[in-house]
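Peer 1: Below are the structure tokens for one structure; questions will follow.
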Amino acid sequence: MTTTGYTEDALVEQPAIALLAELGWETVNAYNEFDQGISPLGRETKADVVLKTRLHDALLRINQEAAVESIHQAIEELTRDRSRISAVGANQEIYHLLKNGVRATIPDPESDGETVEVVRVIDWDNPENNDFLLCSQFWVTGEMHTRRADLVGFVNGLPLLFIELKAAHRRLETAFTGNLRDYKDTIPQLFWPNALIILSNGSQSRVGSVSAGWEHFAEWKKVGSEVETGRVSLETMLRGVCEQTRFLDLVENFCLFQEVPGGLIKLTAKNHQYLGVNNAMDALVDIRQRDGKLGVFWHTQGSGKSVSMMFFTQKVLRKVPGNWTFVVVTDRQELDGQIYKHFASAGVVTEGRAQAENSRHLRQLLSEDHRYIFTLIHKFRVPEEVSIRNDIIVITDEAHRSQYDTLALNMRTALPNAAFLAFTGTPLIVGEEKTRQVFGDYISVYDFQQSVADGATVPLYYENRIPELQLINENLNEDMERLLEEAELDEAQEKKLEREFAREYHLITREDRLEAVAKDLVAHFTGRGFQGKAMVVCIDKATA
């Protein structure tokens with residue numbers, strides 16, 4: 001039996017190239033690029049990673065009114081050496097140029113001074129006006145070594161897409177540990193403009209950013225809708241990420257740079273964040289038909305809700321006309337500070353006084369012109385009209401906790417023409433009709449089961465340890481089911497449930513039992529065989 005035909009090239013690379021060609025990318029095999037001395041791609045040496053001829057032509061096409069000098073300055077700024085700063089810092093610099101354009105200063109003969117022109121690098125609104133080129137077997141030379149990348153995708157001559165492929169029988173992680181790390185060390189200039197990195201062995205595929213560790217490279221299982229059946233494949237990845245309109249959307253609206261304790265990192269959207277945020281964008285288009293109820297965004301704990309909030313707000317400010325203000329509402333002081341710092345560390349919020357200190361300060365902030373306001377729900381304690389603006393979007397975190405019922409309606413009264421969007425990590429339950437009255441129904445769902453399957457959330461396991469109380473009620477399960485069915489948690493039923501449960505409290509919390517539980521916790525935590533955190537959940541604070 002021969003293995004001819006069962007190679008990485010035949011089984012993985014060639015089908016990927018064919019699919020990208022179907023998606024509108026021009027394809028070129030660059031293995032023999034310099035064999036004739038002159039590169040058909042317009043590179044002078046293998047150290048060049050920007051295709052300047054294509055970049056020049058694209059900038060002229062996109063900026064037809066710009067001066068020739070402005071085009072030259074833009075090319076010079078995009079291609080200058082950035083080896084003295086960190087790789088992520090270089091990537092951030094070029095990203096801002098891609099997104100916002102390059103400011104060029106040229107002489108103004110009329111005033112004997114200078115004038116500033118902004119040269120757009122990518123036509124974000126018209127994908128067909130850009131140049132998409134895929135090079136296979138692309139040679140790049142660094143300071144000491146030369147490497148050959150499997151696939152590099154260029155948009156207007158800039159290498160925004162990097163794809164590393166492995167044979168189907170190879171572990172996908174080796175594409176990261178054995179290849180990508182080496183490329184970033186030896187040919188770092190290839191990654192300065194990079195937007196997205198895809199790793200695949202044909203059957204498994206993951207996508208991530210230039211700063212992401214292996215654990216933050218994620219699968220892309222659905223192309224256009226949350227209701228699709230998830231499928232892990234290179235085809236799903238390429239259709240979902242590299243179709244030209246989606247690719248530009250991901251680059252323009254789903255990249256953030258954040259300062260964290262370890263330094264600067266780049267965040268790119270996971271599949272569920274991309275689909276969920278775009279569902280919210282669709283809801284915003286129908287804001288009037290929805291009576292301001294944008295819906296409930298249910299993504300389970302640990303799936304990056306706050307990052308999704310930032311993607312959403314940034315995309316609205318960039319793509320939807322209007323003088324939008326986002327009021328970010330939480331119900332705990334520490335959560336308010338935490339989410340504000342999260343937005344600030346990503347450069348989304350730059351104002352110093354965006355947090356409402358009290359009800360009066362909140363009213364003042366709402367009367368001024370701010371892009372972001374952070375407040376506790378309790379500062380809407382008085383049902384009074386504060387602002388009639390129709391370009392305010394209220395974003396609440398964990399919007400269906402019990403204390404939101406009256407306070408959420410107070411928000412509605414204070415901001416009668418605002419739109420309301422709820423982010424939550426837990427599903428709505430029976431009896432939370434007031435939540436729907438304010439926010440509407442689900443617009444995006446990413447539940448615990450999906451999160452565990454994607455590796456975004458650690459699975460939960462239950463182990464019954466040191467049973468201390470003897471069960472003498474053989475009908476306990478039936479009794480509990482009956483109680484929970486009856487307890488839709490209005491005031492009378494809550495009291496009833498408390499009365500039934502209070503009889504067990506003194507047994508559960510007696511000192512000798514708590515001593516035994518505490519000893520078992522310590523023994524189990526220290527003897528479980530690995531380092532890590534743990535969480536203790538108790539019946540109340542005193543017991544904890």
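Ligands are numbered from 1 in the order shown, chains are lettered A, B, ... in the order of the structure tokens, and residues start at 1 in each chain.
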Find the spatial neighbours of segment 204-211 of chain A, counting only C-alpha atoms, within a cut-off of 6 Å - ignore same-chain residues fewer than 5 positions away - and output them as a PyMOL selection string.
Peer 2: chain A and resi 196-199+217-219+233-234+265-266
Peer 1: Step one, run DSSP on the backbone; step two, keep only residues of segment 96-337 of chain A assigned to helix (DSSP H, G or I); then write them as a ChimeraX atom specification.
Peer 2: /A:96-100,127-129,173-186,188-191,214-216,234-242,244-253,271-285,305-319,333-337
Peer 1: Near Glu398 of chain A, counting only C-alpha atoms, which residues have an atom at most 10 Å away, once you skip same-chain residues fewer than 3 positions from it, shown as a VMD selection string?
Peer 2: chain A and resid 296 to 298 329 to 331 395 401 404 422 to 427
Peer 1: Mind the document's chain letters and residue numbers, and return as a ChimeraX atom specification the residues of segment 244-366 of chain A that DSSP labels strand (DSSP E).
Peer 2: /A:255-260,263-268,293-299,325-330
